[in-house]
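Have a look at my_file36.txt below; it lists compact mmCIF, C-alpha atoms.
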# COMPACT_ATOMS: atom_id res chain seq x y z
CA LEU D 1 17.80 -14.55 4.53
CA LYS D 2 20.66 -15.76 2.40
CA GLY D 3 22.79 -12.72 1.57
CA ASN D 4 20.56 -10.42 -0.48
CA GLU D 5 18.03 -13.18 -1.13
CA ILE D 6 15.00 -14.40 0.77
CA GLU D 7 14.19 -18.10 0.76
CA LEU D 8 10.44 -18.81 0.92
CA ASP D 9 8.22 -21.87 0.96
CA GLU D 10 5.21 -19.78 0.01
CA LEU D 11 4.44 -16.27 -1.20
CA ARG D 12 1.02 -14.68 -0.87
CA VAL D 13 0.10 -11.68 -3.00
CA VAL D 14 -2.83 -9.47 -2.05
CA ILE D 15 -4.30 -7.15 -4.68
CA SER D 16 -6.90 -4.49 -3.98
CA SER D 17 -8.73 -2.15 -6.35
CA PRO D 18 -12.08 -0.36 -6.62
CA ASP D 19 -12.10 -1.29 -10.33
CA TYR D 20 -14.02 -4.58 -10.48
CA GLU D 21 -13.53 -4.97 -14.24
CA PHE D 22 -9.74 -4.80 -13.74
CA LEU D 23 -9.96 -7.38 -10.94
CA LEU D 24 -12.08 -9.69 -13.13
CA HIS D 25 -9.55 -9.54 -15.98
CA LEU D 26 -6.68 -10.07 -13.55
CA TYR D 27 -8.44 -13.04 -11.96
CA ASN D 28 -9.18 -14.65 -15.34
CA GLY D 29 -5.62 -14.02 -16.52
CA LEU D 30 -4.15 -15.58 -13.40
CA GLN D 31 -6.45 -18.61 -13.75
CA SER D 32 -5.07 -19.26 -17.22
CA LYS D 33 -1.42 -19.18 -16.13
CA LYS D 34 0.16 -21.56 -13.64
CA ARG D 35 3.88 -20.67 -13.88
CA PHE D 36 5.54 -17.27 -13.73
CA GLU D 37 9.17 -16.31 -14.23
CA TYR D 38 10.75 -13.18 -12.80
CA LYS D 39 14.49 -12.32 -12.68
CA GLY D 40 15.46 -15.96 -13.03
CA TYR D 41 13.03 -17.20 -10.38
CA GLU D 42 10.08 -19.46 -11.08
CA PHE D 43 6.80 -19.09 -9.22
CA ILE D 44 4.05 -21.69 -9.36
CA ARG D 45 0.53 -20.44 -8.71
CA ARG D 46 -1.35 -22.69 -6.34
CA LYS D 47 -4.71 -21.11 -5.60
CA ILE D 48 -6.49 -17.81 -5.94
CA VAL D 49 -8.77 -16.71 -3.13
CA MET D 50 -11.17 -13.80 -3.42
CA GLY D 51 -11.11 -11.93 -0.12
CA GLU D 52 -14.17 -10.36 1.38
CA GLU D 53 -14.13 -6.60 1.07
CA LYS D 54 -15.48 -4.63 4.00
CA LYS D 55 -17.98 -1.86 3.36
CA ILE D 56 -17.30 1.43 5.12
CA THR D 57 -20.59 3.09 6.01
CA SER D 58 -19.42 5.26 8.88
CA SER D 59 -17.21 8.35 9.04
CA VAL D 60 -14.89 6.67 11.57
CA VAL D 61 -12.76 3.59 10.94
CA ILE D 62 -9.74 1.87 12.45
CA PHE D 63 -7.26 0.71 9.83
CA ARG D 64 -4.41 -1.77 10.14
CA THR D 65 -1.62 -1.58 7.59
CA LEU D 66 -0.98 -4.71 5.53
CA SER D 67 2.07 -2.99 4.10
CA PRO D 68 3.87 0.03 5.58
CA LEU D 69 2.78 3.63 5.01
CA LEU D 70 5.37 5.87 3.38
CA ILE D 71 4.52 9.50 4.10
CA GLU D 72 7.02 12.16 3.03
CA ASP D 73 7.07 15.94 2.94
CA GLU D 74 7.75 18.12 -0.12
CA LYS D 75 11.50 17.48 0.21
CA LYS D 76 10.99 13.68 0.28
CA ILE D 77 11.85 13.55 3.98
CA PRO D 78 9.87 10.84 5.82
CA ILE D 79 7.21 12.06 8.24
CA ALA D 80 6.64 10.06 11.43
CA PRO D 81 3.12 9.54 12.87
CA ASP D 82 4.03 11.61 15.93
CA ASP D 83 5.10 14.60 13.80
CA PRO D 84 2.67 17.55 14.14
CA ASN D 85 2.47 17.77 10.31
CA TYR D 86 1.65 14.08 9.76
CA GLU D 87 -2.09 14.67 9.33
CA LYS D 88 -1.45 17.53 6.88
CA HIS D 89 0.75 15.29 4.71
CA ILE D 90 -1.73 12.36 4.90
CA ASN D 91 -4.49 14.73 3.73
CA TYR D 92 -2.39 16.02 0.84
CA LEU D 93 -1.52 12.49 -0.24
CA ALA D 94 -5.10 11.21 0.12
CA ASP D 95 -6.44 14.19 -1.82
CA THR D 96 -3.94 13.54 -4.63
CA ILE D 97 -4.69 9.79 -4.77
CA LEU D 98 -8.45 10.38 -4.94
CA TYR D 99 -8.10 13.17 -7.50
CA GLU D 100 -6.02 10.92 -9.77
CA TYR D 101 -8.56 8.10 -9.48
CA ARG D 102 -11.93 9.87 -9.66
CA GLY D 103 -11.10 13.39 -10.82
CA ARG D 104 -12.04 14.86 -7.44
CA GLY D 105 -10.07 14.93 -4.20
CA LEU D 106 -11.32 14.52 -0.64
CA TYR D 107 -14.90 15.50 0.14
CA LYS D 108 -13.72 16.66 3.57
CA PRO D 109 -10.37 16.59 5.39
CA LEU D 110 -9.30 13.45 7.19
CA THR D 111 -8.39 13.27 10.85
CA VAL D 112 -5.75 10.71 11.72
CA ARG D 113 -4.86 9.43 15.17
CA PRO D 114 -2.10 6.81 15.41
CA ILE D 115 -2.89 4.00 17.83
CA ARG D 116 0.24 1.89 17.48
CA PHE D 117 2.96 2.26 14.87
CA LYS D 118 6.34 0.62 14.36
CA LYS D 119 9.09 2.23 12.29
CA MET D 120 10.44 0.15 9.40
CA VAL D 121 13.34 0.92 7.08
CA ILE D 122 12.77 -0.71 3.71
CA LYS D 123 15.78 -1.54 1.53
CA GLU D 124 14.93 -1.70 -2.13
CA SER D 125 16.49 -1.71 -5.55
CA ASN D 126 15.08 -1.45 -9.04
CA HIS D 127 16.38 -1.67 -12.58
CA GLN D 128 16.66 2.09 -13.22
CA PHE D 129 18.35 2.81 -9.89
CA THR D 130 20.82 -0.07 -10.37
CA GLU D 131 21.71 1.14 -13.89
CA LYS D 132 22.40 4.64 -12.62
CA TYR D 133 24.15 3.91 -9.29
CA GLY D 134 25.39 0.32 -9.54
CA GLU D 135 24.51 -3.06 -8.05
CA GLN D 136 25.82 -2.26 -4.56
CA GLN D 137 23.61 0.81 -4.05
CA HIS D 138 20.08 0.61 -2.67
CA LEU D 139 17.10 2.83 -1.97
CA TYR D 140 16.06 3.17 1.67
CA PHE D 141 12.57 4.23 2.74
CA THR D 142 11.48 5.01 6.28
CA ALA D 143 7.90 3.84 6.63
CA TYR D 144 5.49 2.92 9.45
CA HIS D 145 3.42 -0.18 10.05
CA GLY D 146 0.55 -0.52 12.50
CA LEU D 147 -2.89 0.60 13.59
CA PHE D 148 -4.57 4.00 13.29
CA HIS D 149 -7.92 5.72 13.72
CA MET D 150 -9.17 7.76 10.76
CA SER D 151 -12.29 9.83 10.25
CA GLY D 152 -13.60 11.45 7.10
CA GLU D 153 -16.28 11.06 4.46
CA PRO D 154 -17.25 7.34 4.17
CA ALA D 155 -16.89 7.39 0.35
CA ASP D 156 -13.32 8.75 0.69
CA LEU D 157 -12.45 6.17 3.35
CA GLN D 158 -13.82 3.34 1.18
CA LEU D 159 -11.74 4.37 -1.83
CA LEU D 160 -8.58 4.84 0.24
CA TYR D 161 -9.12 1.34 1.65
CA GLN D 162 -9.39 -0.04 -1.89
CA LEU D 163 -6.64 2.08 -3.48
CA GLY D 164 -4.17 2.25 -0.59
CA LEU D 165 -2.78 5.29 1.19
CA SER D 166 0.92 5.93 0.78
CA LYS D 167 3.57 7.16 -1.55
CA ARG D 168 4.86 4.38 -3.83
CA ARG D 169 1.66 2.35 -3.71
CA ASN D 170 2.63 0.69 -6.98
CA GLN D 171 5.67 -0.72 -5.15
CA GLY D 172 3.59 -2.32 -2.44
CA PHE D 173 3.34 0.44 0.16
CA GLY D 174 0.12 1.57 1.86
CA MET D 175 -2.25 -1.38 1.66
CA LEU D 176 -4.91 -1.14 4.38
CA GLU D 177 -7.23 -3.53 6.16
CA VAL D 178 -10.34 -2.44 8.04
CA GLU D 179 -10.03 -3.47 11.68
CA GLU D 180 -13.25 -1.84 12.81
CA VAL D 181 -15.92 0.47 11.44
CA LYS D 182 -17.20 2.69 14.25
CA GLU D 183 -20.92 3.40 14.28
Entire entry expressed as structure tokens:
Amino acid sequence: LKGNEIELDELRVVISSPDYEFLLHLYNGLQSKKRFEYKGYEFIRRKIVMGEEKKITSSVVIFRTLSPLLIEDEKKIPIAPDDPNYEKHINYLADTILYEYRGRGLYKPLTVRPIRFKKMVIKESNHQFTEKYGEQQHLYFTAYHGLFHMSGEPADLQLLYQLGLSKRRNQGFGMLEVEEVKE
């Protein structure tokens, strides 16, 4: 860290989607471009690797978060995994995500059992927020990173794995990796 900047030798970006046509266009577009500029920084693309997607065929899976989960209640107050309402809020969020993607929510409610979670406070800023509140102000999100057991309909679990499960997924929250599919 150097002030408000992070110095890196390498940056890896992982993208997940159930839409294979989108991924194909993204892949081809990235192949045709070697240099990217963003906010005065230059990024040079080195290589693109297609990861192997796991197939969920069981109603029970253990997920590991690749990016933290941001789960909030109706008042935008963060919900911790040990909160008695955590599962209710995960179900609401999952139902909304699936409804927006496929026009139908969950086939059956999810059960969620945290195995190991670590609290993370994410400091963030964006153009609109900076314009409204100034350069010195930041957004803070309380999120959780770790391992959890989830059961539900395999088709729902597969899509949540591909789409992510969190508020602010478009900002990098909620990416999941399958640790184990229970038989």
Polymer residues at most 10 Å from Pro18 of chain D, only C-alpha atoms, same-chain spacing of 3 or more positions, as a PyMOL selection string: chain D and resi 21-23+101+158-163
Pick from D:Phe43, D:Lys33, D:Lys182, D:Tyr144 nearest to Tyr86 of chain D, counting only C-alpha atoms: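 Of D:Phe43, D:Lys33, D:Lys182, D:Tyr144, the one nearest Tyr86 of chain D is D:Tyr144, counting only C-alpha atoms.
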Contact table segment 107-177 of chain D vs segment 62-65 of chain D, cut-off 7 Å, shortest pair per residue, all atoms listed in the file, as a tab-separated table:
residue	atom	partner	partner_atom	distance
D:His145	CA	D:Thr65	CA	5.8
D:Gly146	CA	D:Thr65	CA	5.5
D:Leu147	CA	D:Arg64	CA	4.5
D:Phe148	CA	D:Phe63	CA	5.5
D:His149	CA	D:Ile62	CA	4.4
D:Met150	CA	D:Ile62	CA	6.2
D:Gly174	CA	D:Thr65	CA	6.8
D:Met175	CA	D:Thr65	CA	6.0
D:Leu176	CA	D:Thr65	CA	4.6
D:Glu177	CA	D:Arg64	CA	5.2
Determine, counting all atoms listed in the file, which protein, DNA and RNA residues have an atom within 10 Å of an atom of Lys88 of chain D; residues of the same chain fewer than 3 positions away are not included. Present the result as a list in words. Asp73, Asp83, Pro84, Asn85, Asn91, Tyr92, Leu93, Ala94, Pro109, Leu110, Thr111 and Val112 of chain D
Rounded to one decimal place, report the atom CA of Phe141 of chain D-atom CA of Gly172 of chain D distance in Å. 12.3 Å
Using only C-alpha atoms, which of D:Ile90, D:Lys167, D:Thr96, D:Val181 sits nearest Arg113 of chain D?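 Answer, going by the shortest atom-to-atom distance: D:Ile90.
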Interatomic distance (Å, one decimal) between atom CA of Ser17 of chain D and atom CA of Leu30 of chain D: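 Taking atom CA of Ser17 of chain D and atom CA of Leu30 of chain D, their separation equals 15.8 Å.
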For a cutoff of 12 Å around the file-coordinate point (-9.7, -17.6, -5.2), which residues qualify once you count all atoms listed in the file? I'd like the result as a PDB file with C-alpha atoms, in the coordinates of the input.
ATOM      1  CA  ARG D  12       1.020 -14.680  -0.870  1.00  0.00           C
ATOM      2  CA  VAL D  13       0.100 -11.680  -3.000  1.00  0.00           C
ATOM      3  CA  VAL D  14      -2.830  -9.470  -2.050  1.00  0.00           C
ATOM      4  CA  ILE D  15      -4.300  -7.150  -4.680  1.00  0.00           C
ATOM      5  CA  LEU D  23      -9.960  -7.380 -10.940  1.00  0.00           C
ATOM      6  CA  LEU D  24     -12.080  -9.690 -13.130  1.00  0.00           C
ATOM      7  CA  LEU D  26      -6.680 -10.070 -13.550  1.00  0.00           C
ATOM      8  CA  TYR D  27      -8.440 -13.040 -11.960  1.00  0.00           C
ATOM      9  CA  ASN D  28      -9.180 -14.650 -15.340  1.00  0.00           C
ATOM     10  CA  LEU D  30      -4.150 -15.580 -13.400  1.00  0.00           C
ATOM     11  CA  GLN D  31      -6.450 -18.610 -13.750  1.00  0.00           C
ATOM     12  CA  ARG D  45       0.530 -20.440  -8.710  1.00  0.00           C
ATOM     13  CA  ARG D  46      -1.350 -22.690  -6.340  1.00  0.00           C
ATOM     14  CA  LYS D  47      -4.710 -21.110  -5.600  1.00  0.00           C
ATOM     15  CA  ILE D  48      -6.490 -17.810  -5.940  1.00  0.00           C
ATOM     16  CA  VAL D  49      -8.770 -16.710  -3.130  1.00  0.00           C
ATOM     17  CA  MET D  50     -11.170 -13.800  -3.420  1.00  0.00           C
ATOM     18  CA  GLY D  51     -11.110 -11.930  -0.120  1.00  0.00           C
ATOM     19  CA  GLU D  52     -14.170 -10.360   1.380  1.00  0.00           C
TER      20      GLU D  52
END
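The coordinates place atom CA of Ile44 of chain D at 28.3 Å from atom CA of His138 of chain D.
Restricting the calculation to all atoms listed in the file, the smallest distance between Pro68 of chain D and any of D:Phe117, D:Tyr140, D:Tyr133, D:Tyr107 is found for D:Phe117.
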Of the candidates D:Val61, D:Leu66, D:Ile71, D:Leu1, which shows the shortest atom-to-atom distance to Glu153 of chain D, using all atoms listed in the file?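 Smallest separation from Glu153 of chain D among the options: D:Val61.
Using all atoms listed in the file, every residue with an atom at most 12 Å from the point (11.7, -10.6, -10.6) is listed here: Glu5, Phe36, Glu37, Tyr38, Lys39, Gly40, Tyr41, Glu42, Phe43, Ser125, Asn126 and His127 of chain D.
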Now that the selection is made, can you save its residues with C-alpha atoms as a tab-separated table (two decimals), in the frame of the given file?
chain	number	residue	atom	x	y	z
D	5	GLU	CA	18.03	-13.18	-1.13
D	36	PHE	CA	5.54	-17.27	-13.73
D	37	GLU	CA	9.17	-16.31	-14.23
D	38	TYR	CA	10.75	-13.18	-12.80
D	39	LYS	CA	14.49	-12.32	-12.68
D	40	GLY	CA	15.46	-15.96	-13.03
D	41	TYR	CA	13.03	-17.20	-10.38
D	42	GLU	CA	10.08	-19.46	-11.08
D	43	PHE	CA	6.80	-19.09	-9.22
D	125	SER	CA	16.49	-1.71	-5.55
D	126	ASN	CA	15.08	-1.45	-9.04
D	127	HIS	CA	16.38	-1.67	-12.58
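Between Ile115 of chain D and the residues D:Leu98, D:Gly134, D:Ile56, D:Pro81, the shortest atom-to-atom distance, using only C-alpha atoms, involves D:Pro81.
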